[in-house]
$ cat my_file_6.csv   # CSV, C-alpha atoms
chain,number,residue,atom,x,y,z
A,56,MET,CA,-143.8,40.7,-2.3
A,57,THR,CA,-147.1,42.2,-3.2
A,58,GLY,CA,-148.7,41.3,0.2
A,59,THR,CA,-145.8,42.8,2.0
A,60,PHE,CA,-146.2,46.1,0.0
A,61,ILE,CA,-149.9,46.2,0.8
A,62,LYS,CA,-149.3,45.7,4.5
A,63,ALA,CA,-146.7,48.5,4.4
A,64,ARG,CA,-149.1,50.8,2.7
A,65,ARG,CA,-151.8,50.0,5.3
A,66,ALA,CA,-149.4,50.7,8.1
A,67,GLU,CA,-148.3,54.0,6.7
A,68,PRO,CA,-151.2,56.1,8.0
A,69,MET,CA,-150.8,54.6,11.5
A,70,HIS,CA,-147.0,55.5,11.3
A,71,LEU,CA,-147.8,59.1,10.4
A,72,ILE,CA,-150.4,59.4,13.2
A,73,PHE,CA,-148.0,58.0,15.8
A,74,THR,CA,-145.2,60.2,14.5
A,75,ALA,CA,-147.4,63.3,14.8
A,76,LEU,CA,-148.5,62.3,18.3
A,77,GLY,CA,-145.0,61.6,19.4
A,78,ALA,CA,-143.8,64.9,18.0
A,79,ALA,CA,-146.5,66.7,20.0
A,80,VAL,CA,-145.2,65.1,23.2
A,81,LEU,CA,-141.6,66.1,22.3
A,82,LEU,CA,-142.7,69.6,21.6
A,83,PHE,CA,-144.5,69.8,24.9
A,84,ILE,CA,-141.2,68.9,26.6
A,85,ILE,CA,-138.9,71.1,24.5
A,86,ALA,CA,-141.0,74.2,24.1
A,87,PRO,CA,-141.0,75.4,27.8
A,88,LEU,CA,-137.3,74.8,28.1
A,89,ALA,CA,-136.5,76.5,24.8
A,90,SER,CA,-138.6,79.5,25.8
A,91,MET,CA,-136.7,79.8,29.1
A,92,PHE,CA,-133.3,79.6,27.4
A,93,PHE,CA,-134.3,82.2,24.8
A,94,HIS,CA,-135.4,84.7,27.5
A,95,VAL,CA,-131.9,84.6,29.2
A,96,THR,CA,-129.0,86.6,27.6
A,97,PRO,CA,-125.4,85.4,27.9
A,98,GLY,CA,-124.7,88.5,30.0
A,99,GLU,CA,-127.4,87.6,32.5
A,100,LEU,CA,-126.1,84.0,32.6
A,101,ALA,CA,-122.5,85.2,33.2
A,102,ASP,CA,-123.6,87.5,36.0
A,103,THR,CA,-125.6,84.7,37.7
A,104,ALA,CA,-122.6,82.4,37.4
A,105,ARG,CA,-120.5,84.9,39.3
A,106,GLU,CA,-122.9,85.0,42.3
A,107,SER,CA,-121.4,83.1,45.2
A,108,GLU,CA,-124.9,82.3,46.5
A,109,VAL,CA,-125.8,80.6,43.2
A,110,THR,CA,-122.6,78.7,42.7
A,111,GLY,CA,-122.6,77.6,46.4
A,112,SER,CA,-126.2,76.3,46.1
A,113,ILE,CA,-125.3,74.4,42.9
A,114,TRP,CA,-122.3,72.7,44.5
A,115,LEU,CA,-124.4,71.9,47.6
A,116,THR,CA,-127.1,70.3,45.4
A,117,LEU,CA,-124.6,68.2,43.4
A,118,LEU,CA,-122.7,67.0,46.5
A,119,THR,CA,-125.7,66.2,48.8
A,120,SER,CA,-127.5,64.3,46.0
A,121,MET,CA,-124.3,62.4,45.3
A,122,GLY,CA,-123.8,61.7,49.0
A,123,ALA,CA,-127.4,60.5,49.4
A,124,THR,CA,-126.9,58.2,46.4
A,125,VAL,CA,-123.7,56.6,47.7
A,126,ILE,CA,-125.0,56.2,51.3
A,127,PHE,CA,-128.3,54.6,50.4
A,128,SER,CA,-127.0,52.4,47.7
A,129,ALA,CA,-125.3,50.3,50.4
A,130,GLY,CA,-128.8,49.0,51.4
A,131,SER,CA,-130.7,49.5,48.1
A,132,ILE,CA,-128.5,47.2,46.0
A,133,PRO,CA,-128.7,44.2,48.4
A,134,LEU,CA,-132.5,44.8,48.7
A,135,ALA,CA,-132.8,44.8,44.9
A,136,TYR,CA,-131.0,41.5,44.7
A,137,LEU,CA,-133.2,39.8,47.3
A,138,LEU,CA,-136.3,41.1,45.5
A,139,ALA,CA,-135.0,39.8,42.2
A,140,ARG,CA,-134.4,36.4,43.6
A,141,GLY,CA,-137.7,36.2,45.5
A,142,LYS,CA,-136.1,36.0,48.9
A,143,VAL,CA,-138.2,38.6,50.5
A,144,PRO,CA,-141.5,37.7,52.3
A,145,PHE,CA,-144.5,39.5,50.7
A,146,ARG,CA,-142.4,40.6,47.8
A,147,ASP,CA,-145.3,42.3,45.9
A,148,LEU,CA,-146.1,44.3,49.1
A,149,VAL,CA,-142.4,45.3,49.5
A,150,ASN,CA,-142.3,46.4,45.8
A,151,GLY,CA,-145.4,48.5,46.3
A,152,ILE,CA,-143.8,50.1,49.4
A,153,ILE,CA,-140.7,51.0,47.5
A,154,ASP,CA,-142.8,52.8,44.9
A,155,ILE,CA,-144.7,54.9,47.5
A,156,PRO,CA,-142.3,57.9,47.4
A,157,VAL,CA,-142.9,58.2,43.6
A,158,VAL,CA,-146.7,58.6,43.9
A,159,ILE,CA,-147.2,60.6,47.1
A,160,PRO,CA,-146.9,64.5,47.1
A,161,HIS,CA,-143.3,65.4,47.9
A,162,SER,CA,-144.4,68.0,50.4
A,163,ALA,CA,-146.2,65.2,52.2
A,164,ALA,CA,-143.0,63.2,52.1
A,165,GLY,CA,-141.2,66.1,53.7
A,166,ILE,CA,-143.8,66.3,56.5
A,167,ALA,CA,-143.5,62.6,57.1
A,168,LEU,CA,-139.7,62.8,57.3
A,169,LEU,CA,-139.9,65.8,59.6
A,170,GLY,CA,-142.1,63.9,62.0
A,171,LEU,CA,-139.4,61.3,62.2
A,172,VAL,CA,-136.3,63.4,62.6
A,173,SER,CA,-137.4,66.7,64.2
A,174,GLY,CA,-135.8,67.7,67.5
A,175,ASN,CA,-138.7,66.5,69.7
A,176,THR,CA,-138.4,62.9,68.4
A,177,TRP,CA,-136.1,60.3,69.8
A,178,LEU,CA,-134.2,59.9,66.5
A,179,GLY,CA,-133.9,63.7,66.1
A,180,SER,CA,-132.7,64.2,69.7
A,181,ILE,CA,-130.1,61.5,69.5
A,182,SER,CA,-128.8,62.7,66.1
A,183,ASP,CA,-128.7,66.3,67.5
A,184,ARG,CA,-126.6,65.2,70.4
A,185,ALA,CA,-124.3,63.3,68.0
A,186,GLY,CA,-123.8,66.5,65.9
A,187,ILE,CA,-126.0,65.3,63.0
A,188,HIS,CA,-128.7,67.9,62.4
A,189,PHE,CA,-131.5,66.9,60.1
A,190,VAL,CA,-133.7,69.9,60.4
A,191,GLY,CA,-131.9,72.8,58.6
A,192,GLY,CA,-128.8,70.6,58.0
A,193,TYR,CA,-127.0,68.7,55.2
A,194,ALA,CA,-128.3,65.4,56.6
A,195,GLY,CA,-131.9,66.6,56.3
A,196,ILE,CA,-131.3,67.5,52.6
A,197,MET,CA,-129.8,64.1,51.9
A,198,ILE,CA,-132.6,62.1,53.5
A,199,ALA,CA,-135.2,64.1,51.7
A,200,MET,CA,-133.4,63.6,48.4
A,201,ALA,CA,-132.9,59.9,49.1
A,202,PHE,CA,-136.5,59.3,50.1
A,203,VAL,CA,-137.9,60.5,46.7
A,204,SER,CA,-135.1,59.0,44.6
A,205,VAL,CA,-134.3,55.6,46.0
A,206,PRO,CA,-137.1,53.8,44.1
A,207,PHE,CA,-135.2,54.5,40.9
A,208,LEU,CA,-132.1,52.7,42.1
A,209,VAL,CA,-134.0,49.8,43.6
A,210,ASN,CA,-136.2,49.2,40.6
A,211,ALA,CA,-133.3,49.5,38.1
A,212,ALA,CA,-131.0,47.2,40.1
A,213,ARG,CA,-133.8,44.7,40.7
A,214,ASP,CA,-134.4,44.4,37.0
A,215,GLY,CA,-130.7,44.0,36.4
A,216,PHE,CA,-130.3,41.2,38.9
A,217,ALA,CA,-133.5,39.5,37.5
A,218,SER,CA,-131.8,39.4,34.1
A,219,VAL,CA,-128.8,37.4,35.4
A,220,PRO,CA,-129.4,33.7,34.8
A,221,VAL,CA,-129.9,31.8,38.0
A,222,GLU,CA,-128.0,28.9,36.5
A,223,LEU,CA,-124.8,30.8,36.5
A,224,GLU,CA,-125.1,31.5,40.2
A,225,LYS,CA,-126.0,27.9,41.0
A,226,ALA,CA,-123.0,26.7,38.9
A,227,ALA,CA,-120.6,29.0,40.9
A,228,LEU,CA,-122.1,27.7,44.2
A,229,ASN,CA,-121.6,24.1,43.0
A,230,LEU,CA,-118.0,24.9,42.3
A,231,GLY,CA,-117.5,25.9,45.9
A,232,ALA,CA,-117.9,29.7,45.8
A,233,SER,CA,-119.6,31.3,48.8
A,234,PRO,CA,-122.9,33.2,48.3
A,235,VAL,CA,-121.0,36.5,48.9
A,236,ARG,CA,-118.4,35.6,46.3
A,237,VAL,CA,-121.1,34.6,43.8
A,238,PHE,CA,-122.8,37.9,44.4
A,239,LEU,CA,-119.6,40.0,44.0
A,240,THR,CA,-118.1,38.1,41.1
A,241,VAL,CA,-121.1,36.8,39.1
A,242,SER,CA,-124.4,38.7,39.9
A,243,LEU,CA,-123.0,42.2,40.5
A,244,PRO,CA,-120.8,42.4,37.4
A,245,LEU,CA,-123.6,41.0,35.1
A,246,ALA,CA,-126.2,43.5,36.5
A,247,TRP,CA,-123.8,46.4,36.7
A,248,ARG,CA,-125.2,48.2,33.7
A,249,SER,CA,-128.6,48.4,35.2
A,250,ILE,CA,-127.2,49.3,38.6
A,251,LEU,CA,-125.2,52.1,37.2
A,252,SER,CA,-128.2,53.4,35.3
A,253,GLY,CA,-130.2,53.4,38.6
A,254,LEU,CA,-127.4,55.2,40.4
A,255,ILE,CA,-127.3,57.9,37.8
A,256,LEU,CA,-131.1,58.3,37.8
A,257,MET,CA,-131.2,58.4,41.6
A,258,TRP,CA,-128.5,61.1,41.7
A,259,ALA,CA,-130.3,63.1,39.0
A,260,ARG,CA,-133.7,62.8,40.7
A,261,GLY,CA,-132.2,63.9,44.0
A,262,MET,CA,-130.8,67.0,42.5
A,263,SER,CA,-134.2,68.1,41.2
A,264,GLU,CA,-136.0,67.5,44.5
A,265,PHE,CA,-137.8,70.6,46.0
A,266,GLY,CA,-140.9,69.8,48.1
A,267,ALA,CA,-139.4,67.4,50.7
A,268,VAL,CA,-136.2,69.4,51.0
A,269,LEU,CA,-138.2,72.7,51.5
A,270,VAL,CA,-140.0,71.2,54.5
A,271,ILE,CA,-137.0,69.8,56.2
A,272,ALA,CA,-134.1,72.1,55.3
A,273,TYR,CA,-135.0,75.5,53.8
A,274,HIS,CA,-131.4,76.4,54.7
A,275,PRO,CA,-128.7,75.6,53.7
A,276,MET,CA,-130.3,76.4,50.4
A,277,ILE,CA,-130.1,74.0,47.5
A,278,THR,CA,-130.7,75.4,44.0
A,279,PRO,CA,-134.3,74.3,43.5
A,280,VAL,CA,-135.2,76.1,46.8
A,281,LEU,CA,-133.1,79.1,45.7
A,282,ILE,CA,-135.0,79.3,42.4
A,283,TYR,CA,-138.3,79.2,44.3
A,284,GLU,CA,-137.1,81.9,46.7
A,285,ARG,CA,-136.0,84.3,44.0
A,286,PHE,CA,-139.2,83.7,42.0
A,287,GLY,CA,-141.3,84.5,45.1
A,288,ALA,CA,-139.3,87.5,46.1
A,289,PHE,CA,-138.2,89.1,42.8
A,290,GLY,CA,-140.2,87.5,40.1
A,291,LEU,CA,-139.5,85.5,37.0
A,292,LYS,CA,-136.8,87.7,35.6
A,293,TYR,CA,-134.5,87.0,38.6
A,294,ALA,CA,-135.3,83.3,38.9
A,295,ARG,CA,-135.0,82.3,35.3
A,296,PRO,CA,-131.2,82.8,34.9
A,297,VAL,CA,-130.6,80.6,38.0
A,298,ALA,CA,-132.8,77.9,36.6
A,299,VAL,CA,-131.1,78.0,33.2
A,300,LEU,CA,-127.6,77.8,34.7
A,301,PHE,CA,-128.7,74.9,36.9
A,302,ILE,CA,-130.2,73.0,34.0
A,303,ILE,CA,-127.0,73.5,32.0
A,304,ILE,CA,-124.7,72.3,34.7
A,305,CYS,CA,-127.0,69.3,35.5
A,306,LEU,CA,-127.0,68.3,31.9
A,307,LEU,CA,-123.3,68.6,31.6
A,308,PHE,CA,-122.8,66.4,34.7
A,309,PHE,CA,-125.5,63.9,33.5
A,310,VAL,CA,-124.0,63.6,30.0
A,311,ALA,CA,-120.5,63.2,31.4
A,312,MET,CA,-121.6,60.4,33.7
A,313,ARG,CA,-123.4,58.7,30.9
A,314,VAL,CA,-120.2,58.9,28.7
A,315,ILE,CA,-118.1,57.5,31.5
A,316,ALA,CA,-120.5,54.7,32.0
A,317,ARG,CA,-120.6,53.9,28.3
A,318,ARG,CA,-116.8,53.8,28.1
A,319,ARG,CA,-116.7,51.5,31.1
A,320,GLU,CA,-119.2,49.1,29.5
A,321,ASP,CA,-117.2,49.1,26.2
A,322,ALA,CA,-113.9,48.5,28.0
$ encode --input "my_file_6.csv" --output "structure tokens"
Amino acid sequence: MTGTFIKARRAEPMHLIFTALGAAVLLFIIAPLASMFFHVTPGELADTARESEVTGSIWLTLLTSMGATVIFSAGSIPLAYLLARGKVPFRDLVNGIIDIPVVIPHSAAGIALLGLVSGNTWLGSISDRAGIHFVGGYAGIMIAMAFVSVPFLVNAARDGFASVPVELEKAALNLGASPVRVFLTVSLPLAWRSILSGLILMWARGMSEFGAVLVIAYHPMITPVLIYERFGAFGLKYARPVAVLFIIICLLFFVAMRVIARRREDA
């Protein structure tokens, strides 16, 4: 008992130091947001919420990010499963490639994408003839969002599949289930919590994208681009209410999706 008490006393200074350092980091995150909220009056927020340009950009941001998440999840989740099971050649290299969008400047990502889908490329010309316009179009917004956010889904889903015991999959195969059935009835349900978390993170990250979208599709204008335009044209006073309103709505949607996910897990 005495030895435990002495160890606890010795650990107390470290605990206090770690608490102080952690509090400093939290303050660093909270202080700028709190300052922004304190400088916006309810009247300014209400006036901003009544602007059709603002509400239209917010809905566009939410829907395009959601669309990018749904579309690219069709390939990201199977890729994550293959990576988790080691069925991809040069797996470490592939994992590194997946993380590239996280580490490169997003303006550079936009330029890279523009070089692939602009009108003078074969992909851009084919898509334009098909009525799908990447440059200055919804499709361009979605691929820019997906490019910078898909690593969050792949990495989360890969970790989820890796946590599924391989023995359960082998047992299902030995009982006569096909690989597809094993994936849909064993692997996917057991990894669903991680996959859902990755989907939410991808959607949230896509909403906040600015640099890549700015290069490919300045118009139609998503909210991060609108905030940038108002700040450049009119200053902080006119950009701040839009930013506060967008943060509030994003937080509401994010919390709602987390609550729905939690209820589904508990069901």
$ residues_near_point --input "my_file_6.csv" --point "(-135.3, 84.5, 28.7)" --cutoff "12 Å" --atoms "only C-alpha atoms" --output "PDB file with C-alpha atoms, in the coordinates of the input"
ATOM      1  CA  PRO A  87    -141.000  75.400  27.800  1.00  0.00           C
ATOM      2  CA  LEU A  88    -137.300  74.800  28.100  1.00  0.00           C
ATOM      3  CA  ALA A  89    -136.500  76.500  24.800  1.00  0.00           C
ATOM      4  CA  SER A  90    -138.600  79.500  25.800  1.00  0.00           C
ATOM      5  CA  MET A  91    -136.700  79.800  29.100  1.00  0.00           C
ATOM      6  CA  PHE A  92    -133.300  79.600  27.400  1.00  0.00           C
ATOM      7  CA  PHE A  93    -134.300  82.200  24.800  1.00  0.00           C
ATOM      8  CA  HIS A  94    -135.400  84.700  27.500  1.00  0.00           C
ATOM      9  CA  VAL A  95    -131.900  84.600  29.200  1.00  0.00           C
ATOM     10  CA  THR A  96    -129.000  86.600  27.600  1.00  0.00           C
ATOM     11  CA  PRO A  97    -125.400  85.400  27.900  1.00  0.00           C
ATOM     12  CA  GLY A  98    -124.700  88.500  30.000  1.00  0.00           C
ATOM     13  CA  GLU A  99    -127.400  87.600  32.500  1.00  0.00           C
ATOM     14  CA  LEU A 100    -126.100  84.000  32.600  1.00  0.00           C
ATOM     15  CA  LEU A 291    -139.500  85.500  37.000  1.00  0.00           C
ATOM     16  CA  LYS A 292    -136.800  87.700  35.600  1.00  0.00           C
ATOM     17  CA  TYR A 293    -134.500  87.000  38.600  1.00  0.00           C
ATOM     18  CA  ALA A 294    -135.300  83.300  38.900  1.00  0.00           C
ATOM     19  CA  ARG A 295    -135.000  82.300  35.300  1.00  0.00           C
ATOM     20  CA  PRO A 296    -131.200  82.800  34.900  1.00  0.00           C
ATOM     21  CA  VAL A 297    -130.600  80.600  38.000  1.00  0.00           C
ATOM     22  CA  ALA A 298    -132.800  77.900  36.600  1.00  0.00           C
ATOM     23  CA  VAL A 299    -131.100  78.000  33.200  1.00  0.00           C
ATOM     24  CA  LEU A 300    -127.600  77.800  34.700  1.00  0.00           C
TER      25      LEU A 300
END
$ atom_distance --input "my_file_6.csv" --atom1 "CA of Gly170 (chain A)" --atom2 "CA of Leu138 (chain A)"
28.7 Å
$ atom_distance --input "my_file_6.csv" --atom1 "CA of Val270 (chain A)" --atom2 "CA of Ser204 (chain A)"
16.5 Å
$ atom_distance --input "my_file_6.csv" --atom1 "CA of Trp258 (chain A)" --atom2 "CA of Lys142 (chain A)"
27.2 Å
$ residues_around --input "my_file_6.csv" --residues "Ile198 (chain A)" --least-positions-apart "5" --cutoff "9 Å" --atoms "only C-alpha atoms" --output "list in words"
Ala123, Leu168, Phe189, Tyr193, Val203 and Val268 of chain A
$ residues_around --input "my_file_6.csv" --residues "Leu251 (chain A)" --least-positions-apart "6" --cutoff "10 Å" --atoms "all atoms listed in the file" --output "number ranges by chain"
A: 208, 211-212, 215, 257, 312-313, 316
$ closest_residue --input "my_file_6.csv" --among "A:Arg213, A:Val241, A:Tyr273, A:Ser131" --to "Lys225 (chain A)" --atoms "all atoms listed in the file"
A:Val241
$ residues_near_point --input "my_file_6.csv" --point "(-123.9, 56.9, 39.7)" --cutoff "12 Å" --atoms "all atoms listed in the file" --output "JSON, numbers by chain"
{"A": [117, 120, 121, 122, 123, 124, 125, 126, 127, 128, 207, 208, 247, 248, 249, 250, 251, 252, 253, 254, 255, 256, 257, 258, 259, 260, 261, 308, 309, 310, 311, 312, 313, 314, 315, 316]}
$ write_last_selection --input "my_file_6.csv" --atoms "C-alpha atoms" --output "PDB file, in the coordinates of the input"
ATOM      1  CA  LEU A 117    -124.600  68.200  43.400  1.00  0.00           C
ATOM      2  CA  SER A 120    -127.500  64.300  46.000  1.00  0.00           C
ATOM      3  CA  MET A 121    -124.300  62.400  45.300  1.00  0.00           C
ATOM      4  CA  GLY A 122    -123.800  61.700  49.000  1.00  0.00           C
ATOM      5  CA  ALA A 123    -127.400  60.500  49.400  1.00  0.00           C
ATOM      6  CA  THR A 124    -126.900  58.200  46.400  1.00  0.00           C
ATOM      7  CA  VAL A 125    -123.700  56.600  47.700  1.00  0.00           C
ATOM      8  CA  ILE A 126    -125.000  56.200  51.300  1.00  0.00           C
ATOM      9  CA  PHE A 127    -128.300  54.600  50.400  1.00  0.00           C
ATOM     10  CA  SER A 128    -127.000  52.400  47.700  1.00  0.00           C
ATOM     11  CA  PHE A 207    -135.200  54.500  40.900  1.00  0.00           C
ATOM     12  CA  LEU A 208    -132.100  52.700  42.100  1.00  0.00           C
ATOM     13  CA  TRP A 247    -123.800  46.400  36.700  1.00  0.00           C
ATOM     14  CA  ARG A 248    -125.200  48.200  33.700  1.00  0.00           C
ATOM     15  CA  SER A 249    -128.600  48.400  35.200  1.00  0.00           C
ATOM     16  CA  ILE A 250    -127.200  49.300  38.600  1.00  0.00           C
ATOM     17  CA  LEU A 251    -125.200  52.100  37.200  1.00  0.00           C
ATOM     18  CA  SER A 252    -128.200  53.400  35.300  1.00  0.00           C
ATOM     19  CA  GLY A 253    -130.200  53.400  38.600  1.00  0.00           C
ATOM     20  CA  LEU A 254    -127.400  55.200  40.400  1.00  0.00           C
ATOM     21  CA  ILE A 255    -127.300  57.900  37.800  1.00  0.00           C
ATOM     22  CA  LEU A 256    -131.100  58.300  37.800  1.00  0.00           C
ATOM     23  CA  MET A 257    -131.200  58.400  41.600  1.00  0.00           C
ATOM     24  CA  TRP A 258    -128.500  61.100  41.700  1.00  0.00           C
ATOM     25  CA  ALA A 259    -130.300  63.100  39.000  1.00  0.00           C
ATOM     26  CA  ARG A 260    -133.700  62.800  40.700  1.00  0.00           C
ATOM     27  CA  GLY A 261    -132.200  63.900  44.000  1.00  0.00           C
ATOM     28  CA  PHE A 308    -122.800  66.400  34.700  1.00  0.00           C
ATOM     29  CA  PHE A 309    -125.500  63.900  33.500  1.00  0.00           C
ATOM     30  CA  VAL A 310    -124.000  63.600  30.000  1.00  0.00           C
ATOM     31  CA  ALA A 311    -120.500  63.200  31.400  1.00  0.00           C
ATOM     32  CA  MET A 312    -121.600  60.400  33.700  1.00  0.00           C
ATOM     33  CA  ARG A 313    -123.400  58.700  30.900  1.00  0.00           C
ATOM     34  CA  VAL A 314    -120.200  58.900  28.700  1.00  0.00           C
ATOM     35  CA  ILE A 315    -118.100  57.500  31.500  1.00  0.00           C
ATOM     36  CA  ALA A 316    -120.500  54.700  32.000  1.00  0.00           C
TER      37      ALA A 316
END
$ residues_around --input "my_file_6.csv" --residues "Phe216 (chain A)" --least-positions-apart "6" --cutoff "6 Å" --atoms "all atoms listed in the file" --output "ChimeraX atom specification"
/A:136,139,246
